[in-house]
file my_file_27.cif (mmCIF, N, CA and C atoms)
data_start
#
loop_
_atom_site.label_atom_id
_atom_site.label_comp_id
_atom_site.auth_asym_id
_atom_site.auth_seq_id
_atom_site.Cartn_x
_atom_site.Cartn_y
_atom_site.Cartn_z
N SER A 1 177.95 100.46 112.27
CA SER A 1 178.08 100.48 113.73
C SER A 1 178.79 99.20 114.17
N SER A 2 179.20 99.19 115.42
CA SER A 2 179.91 98.01 115.93
C SER A 2 178.93 97.11 116.68
N TYR A 3 177.73 96.99 116.16
CA TYR A 3 176.71 96.19 116.83
C TYR A 3 176.95 94.74 116.46
N LEU A 4 177.63 94.00 117.33
CA LEU A 4 178.05 92.64 117.03
C LEU A 4 177.33 91.69 117.98
N LEU A 5 176.07 91.39 117.67
CA LEU A 5 175.29 90.54 118.57
C LEU A 5 175.64 89.08 118.36
N ALA A 6 175.82 88.38 119.45
CA ALA A 6 176.06 86.94 119.37
C ALA A 6 175.22 86.27 120.43
N GLY A 7 174.66 85.13 120.09
CA GLY A 7 173.90 84.34 121.06
C GLY A 7 174.85 83.93 122.17
N SER A 8 174.63 84.46 123.36
CA SER A 8 175.61 84.29 124.44
C SER A 8 174.99 83.67 125.67
N ASP A 9 173.79 83.18 125.54
CA ASP A 9 173.07 82.62 126.66
C ASP A 9 173.67 81.27 127.04
N ARG A 10 173.99 81.10 128.32
CA ARG A 10 174.57 79.85 128.80
C ARG A 10 173.69 78.65 128.44
N ARG A 11 172.38 78.87 128.35
CA ARG A 11 171.45 77.75 128.12
C ARG A 11 171.54 77.18 126.71
N ILE A 12 172.17 77.90 125.77
CA ILE A 12 172.28 77.37 124.40
C ILE A 12 173.68 76.85 124.12
N LYS A 13 174.49 76.71 125.18
CA LYS A 13 175.88 76.28 125.02
C LYS A 13 176.14 75.00 125.79
N GLU A 14 177.19 74.30 125.39
CA GLU A 14 177.63 73.11 126.13
C GLU A 14 179.15 73.02 126.06
N ASN A 15 179.72 72.01 126.72
CA ASN A 15 181.18 71.82 126.76
C ASN A 15 181.87 73.12 127.19
N ILE A 16 181.37 73.70 128.26
CA ILE A 16 181.83 75.02 128.70
C ILE A 16 183.05 74.88 129.61
N LYS A 17 184.12 75.60 129.26
CA LYS A 17 185.35 75.63 130.08
C LYS A 17 185.70 77.08 130.36
N GLU A 18 185.96 77.39 131.63
CA GLU A 18 186.34 78.76 131.97
C GLU A 18 187.78 79.03 131.55
N LEU A 19 188.04 80.22 131.03
CA LEU A 19 189.36 80.66 130.59
C LEU A 19 189.77 81.90 131.38
N PRO A 20 191.02 82.34 131.24
CA PRO A 20 191.42 83.58 131.91
C PRO A 20 190.58 84.77 131.42
N LYS A 21 190.47 85.77 132.29
CA LYS A 21 189.69 86.96 131.93
C LYS A 21 190.39 87.76 130.81
N GLU A 22 189.57 88.44 130.03
CA GLU A 22 190.08 89.39 129.03
C GLU A 22 189.34 90.69 129.24
N ASN A 23 190.07 91.78 129.35
CA ASN A 23 189.46 93.09 129.53
C ASN A 23 188.46 93.05 130.70
N ASN A 24 188.81 92.30 131.74
CA ASN A 24 187.99 92.17 132.95
C ASN A 24 186.71 91.36 132.76
N HIS A 25 186.54 90.68 131.64
CA HIS A 25 185.37 89.83 131.43
C HIS A 25 185.79 88.37 131.53
N LYS A 26 184.97 87.58 132.23
CA LYS A 26 185.21 86.13 132.27
C LYS A 26 185.01 85.58 130.88
N MET A 27 185.97 84.79 130.41
CA MET A 27 185.89 84.21 129.07
C MET A 27 185.73 82.70 129.19
N TYR A 28 185.12 82.12 128.18
CA TYR A 28 184.87 80.68 128.18
C TYR A 28 185.13 80.11 126.80
N GLU A 29 185.53 78.84 126.80
CA GLU A 29 185.49 78.07 125.56
C GLU A 29 184.20 77.27 125.62
N PHE A 30 183.50 77.19 124.50
CA PHE A 30 182.22 76.50 124.49
C PHE A 30 181.85 76.10 123.08
N SER A 31 180.83 75.26 122.97
CA SER A 31 180.21 75.03 121.67
C SER A 31 178.72 75.26 121.84
N TYR A 32 178.05 75.57 120.74
CA TYR A 32 176.60 75.68 120.79
C TYR A 32 176.02 74.29 120.72
N LYS A 33 174.93 74.07 121.42
CA LYS A 33 174.32 72.74 121.44
C LYS A 33 174.02 72.29 120.01
N GLY A 34 174.45 71.06 119.71
CA GLY A 34 174.20 70.52 118.38
C GLY A 34 175.20 70.93 117.33
N ASN A 35 176.24 71.68 117.72
CA ASN A 35 177.25 72.14 116.75
C ASN A 35 178.63 71.84 117.33
N PRO A 36 179.46 71.06 116.62
CA PRO A 36 180.76 70.68 117.19
C PRO A 36 181.80 71.81 117.22
N LYS A 37 181.59 72.88 116.47
CA LYS A 37 182.58 73.97 116.45
C LYS A 37 182.74 74.58 117.83
N LYS A 38 184.00 74.91 118.18
CA LYS A 38 184.27 75.52 119.47
C LYS A 38 184.54 77.01 119.29
N TYR A 39 184.09 77.77 120.27
CA TYR A 39 184.26 79.22 120.26
C TYR A 39 184.79 79.68 121.60
N ILE A 40 185.32 80.89 121.59
CA ILE A 40 185.71 81.57 122.83
C ILE A 40 184.87 82.83 122.92
N GLY A 41 184.28 83.04 124.09
CA GLY A 41 183.46 84.24 124.27
C GLY A 41 182.97 84.33 125.70
N VAL A 42 182.00 85.21 125.91
CA VAL A 42 181.47 85.47 127.24
C VAL A 42 180.13 84.76 127.42
N MET A 43 179.64 84.77 128.64
CA MET A 43 178.30 84.29 128.95
C MET A 43 177.42 85.50 129.24
N ALA A 44 176.28 85.57 128.60
CA ALA A 44 175.38 86.71 128.81
C ALA A 44 175.01 86.87 130.28
N GLN A 45 174.88 85.75 130.98
CA GLN A 45 174.50 85.83 132.39
C GLN A 45 175.55 86.58 133.22
N ASP A 46 176.84 86.42 132.88
CA ASP A 46 177.89 87.19 133.56
C ASP A 46 177.80 88.66 133.19
N ILE A 47 177.60 88.92 131.90
CA ILE A 47 177.61 90.29 131.40
C ILE A 47 176.41 91.07 131.95
N LEU A 48 175.30 90.38 132.20
CA LEU A 48 174.14 91.05 132.81
C LEU A 48 174.53 91.72 134.12
N LYS A 49 175.47 91.11 134.86
CA LYS A 49 175.87 91.66 136.16
C LYS A 49 176.83 92.83 136.00
N THR A 50 177.68 92.78 134.97
CA THR A 50 178.74 93.78 134.85
C THR A 50 178.43 94.88 133.83
N ASN A 51 177.79 94.51 132.71
CA ASN A 51 177.50 95.46 131.62
C ASN A 51 176.10 95.20 131.08
N PRO A 52 175.06 95.42 131.91
CA PRO A 52 173.70 95.05 131.46
C PRO A 52 173.28 95.74 130.16
N GLU A 53 173.86 96.90 129.87
CA GLU A 53 173.50 97.62 128.64
C GLU A 53 173.95 96.89 127.39
N ALA A 54 174.84 95.91 127.54
CA ALA A 54 175.36 95.17 126.38
C ALA A 54 174.57 93.89 126.12
N VAL A 55 173.54 93.62 126.93
CA VAL A 55 172.78 92.38 126.78
C VAL A 55 171.41 92.68 126.19
N VAL A 56 171.03 91.89 125.18
CA VAL A 56 169.73 92.05 124.52
C VAL A 56 169.01 90.71 124.58
N ASP A 57 167.73 90.75 124.94
CA ASP A 57 166.91 89.53 124.98
C ASP A 57 166.14 89.44 123.67
N ILE A 58 166.40 88.41 122.88
CA ILE A 58 165.69 88.19 121.62
C ILE A 58 164.92 86.89 121.75
N ASN A 59 163.61 86.99 121.84
CA ASN A 59 162.75 85.81 121.98
C ASN A 59 163.20 84.92 123.13
N GLY A 60 163.58 85.51 124.24
CA GLY A 60 163.92 84.74 125.42
C GLY A 60 165.34 84.21 125.46
N VAL A 61 166.13 84.47 124.42
CA VAL A 61 167.55 84.05 124.40
C VAL A 61 168.41 85.31 124.53
N LEU A 62 169.35 85.27 125.46
CA LEU A 62 170.20 86.44 125.70
C LEU A 62 171.33 86.52 124.68
N HIS A 63 171.51 87.70 124.13
CA HIS A 63 172.58 87.98 123.18
C HIS A 63 173.44 89.10 123.77
N VAL A 64 174.71 89.10 123.41
CA VAL A 64 175.63 90.13 123.89
C VAL A 64 176.13 90.93 122.70
N ASP A 65 176.18 92.25 122.88
CA ASP A 65 176.77 93.14 121.88
C ASP A 65 178.26 93.26 122.19
N TYR A 66 179.06 92.44 121.49
CA TYR A 66 180.51 92.43 121.75
C TYR A 66 181.15 93.77 121.47
N GLY A 67 180.54 94.60 120.64
CA GLY A 67 181.09 95.92 120.35
C GLY A 67 181.18 96.80 121.58
N ARG A 68 180.41 96.47 122.63
CA ARG A 68 180.43 97.27 123.85
C ARG A 68 181.37 96.71 124.91
N LEU A 69 181.97 95.56 124.67
CA LEU A 69 182.73 94.88 125.72
C LEU A 69 184.25 95.02 125.57
N GLY A 70 184.72 95.30 124.37
CA GLY A 70 186.16 95.38 124.18
C GLY A 70 186.82 94.01 124.13
N VAL A 71 186.01 92.96 123.89
CA VAL A 71 186.57 91.62 123.63
C VAL A 71 185.87 91.08 122.40
N LYS A 72 186.47 90.08 121.78
CA LYS A 72 185.90 89.51 120.57
C LYS A 72 185.50 88.07 120.82
N MET A 73 184.38 87.67 120.24
CA MET A 73 184.05 86.26 120.19
C MET A 73 184.78 85.69 118.99
N ARG A 74 185.38 84.52 119.15
CA ARG A 74 186.15 83.96 118.05
C ARG A 74 186.04 82.44 118.05
N GLU A 75 186.29 81.91 116.87
CA GLU A 75 186.30 80.47 116.72
C GLU A 75 187.63 79.93 117.21
N VAL A 76 187.61 78.77 117.85
CA VAL A 76 188.85 78.13 118.27
C VAL A 76 189.43 77.43 117.04
N SER A 77 190.69 77.76 116.73
CA SER A 77 191.27 77.15 115.52
C SER A 77 191.79 75.77 115.82
#
call {"tool": "encode", "arguments": {"input": "my_file_27.cif", "output": "structure tokens"}}
result
Amino acid sequence: SSYLLAGSDRRIKENIKELPKENNHKMYEFSYKGNPKKYIGVMAQDILKTNPEAVVDINGVLHVDYGRLGVKMREVS
């Protein structure tokens, strides 16, 4: 299946910069707290408003199923 869950909760991210939209979703560059690697992806809090069916709460942290959004989370090279 295309079940591609990623920790997407704004509260576990830092160094957040807004990027142009992709497939009508707000995109951001960010890193996870305590990890210097940078990624591009969505914020679960945004997706809750637009595609709530793609958001899963795991132990209080919001995750997004990218397979339902038509965008990919990726590492910044």
call {"tool": "residues_around", "arguments": {"input": "my_file_27.cif", "residues": "range 8-25 of chain A", "least_positions_apart": "5", "cutoff": "6 Å", "atoms": "all atoms listed in the file", "output": "PyMOL selection string"}}
result
chain A and resi 30-33+42-45+61-64
call {"tool": "atom_distance", "arguments": {"input": "my_file_27.cif", "atom1": "CA of Glu75 in chain A", "atom2": "CA of Lys38 in chain A"}}
result
6.0 Å
call {"tool": "select_by_dssp", "arguments": {"input": "my_file_27.cif", "residues": "range 11-75 of chain A", "states": "strand (DSSP E or B)", "output": "PyMOL selection string"}}
result
chain A and resi 13-22+25-32+38-41+55-58+61-65+74-75
call {"tool": "resolve_selection", "arguments": {"input": "my_file_27.cif", "expression": "the PyMOL selection byres ((chain A and resi 41) around 7)", "output": "list in words"}}
result
Lys26, Met27, Tyr28, Glu29, Phe30, Tyr39, Ile40, Val42, Met43, Lys72, Met73 and Arg74 of chain A
call {"tool": "axis_aligned_box", "arguments": {"input": "my_file_27.cif", "around": "range 38-42 of chain A", "padding_each_side": "6 Å", "output": "JSON"}}
result
{"center_x": 182.9, "center_y": 80.2, "center_z": 122.8, "size_x": 17.6, "size_y": 22.6, "size_z": 21.2}
call {"tool": "atom_distance", "arguments": {"input": "my_file_27.cif", "atom1": "CA of Asp57 in chain A", "atom2": "CA of Gly7 in chain A"}}
result
9.5 Å
call {"tool": "atom_distance", "arguments": {"input": "my_file_27.cif", "atom1": "CA of Thr50 in chain A", "atom2": "atom N of Ala6 in chain A"}}
result
16.6 Å
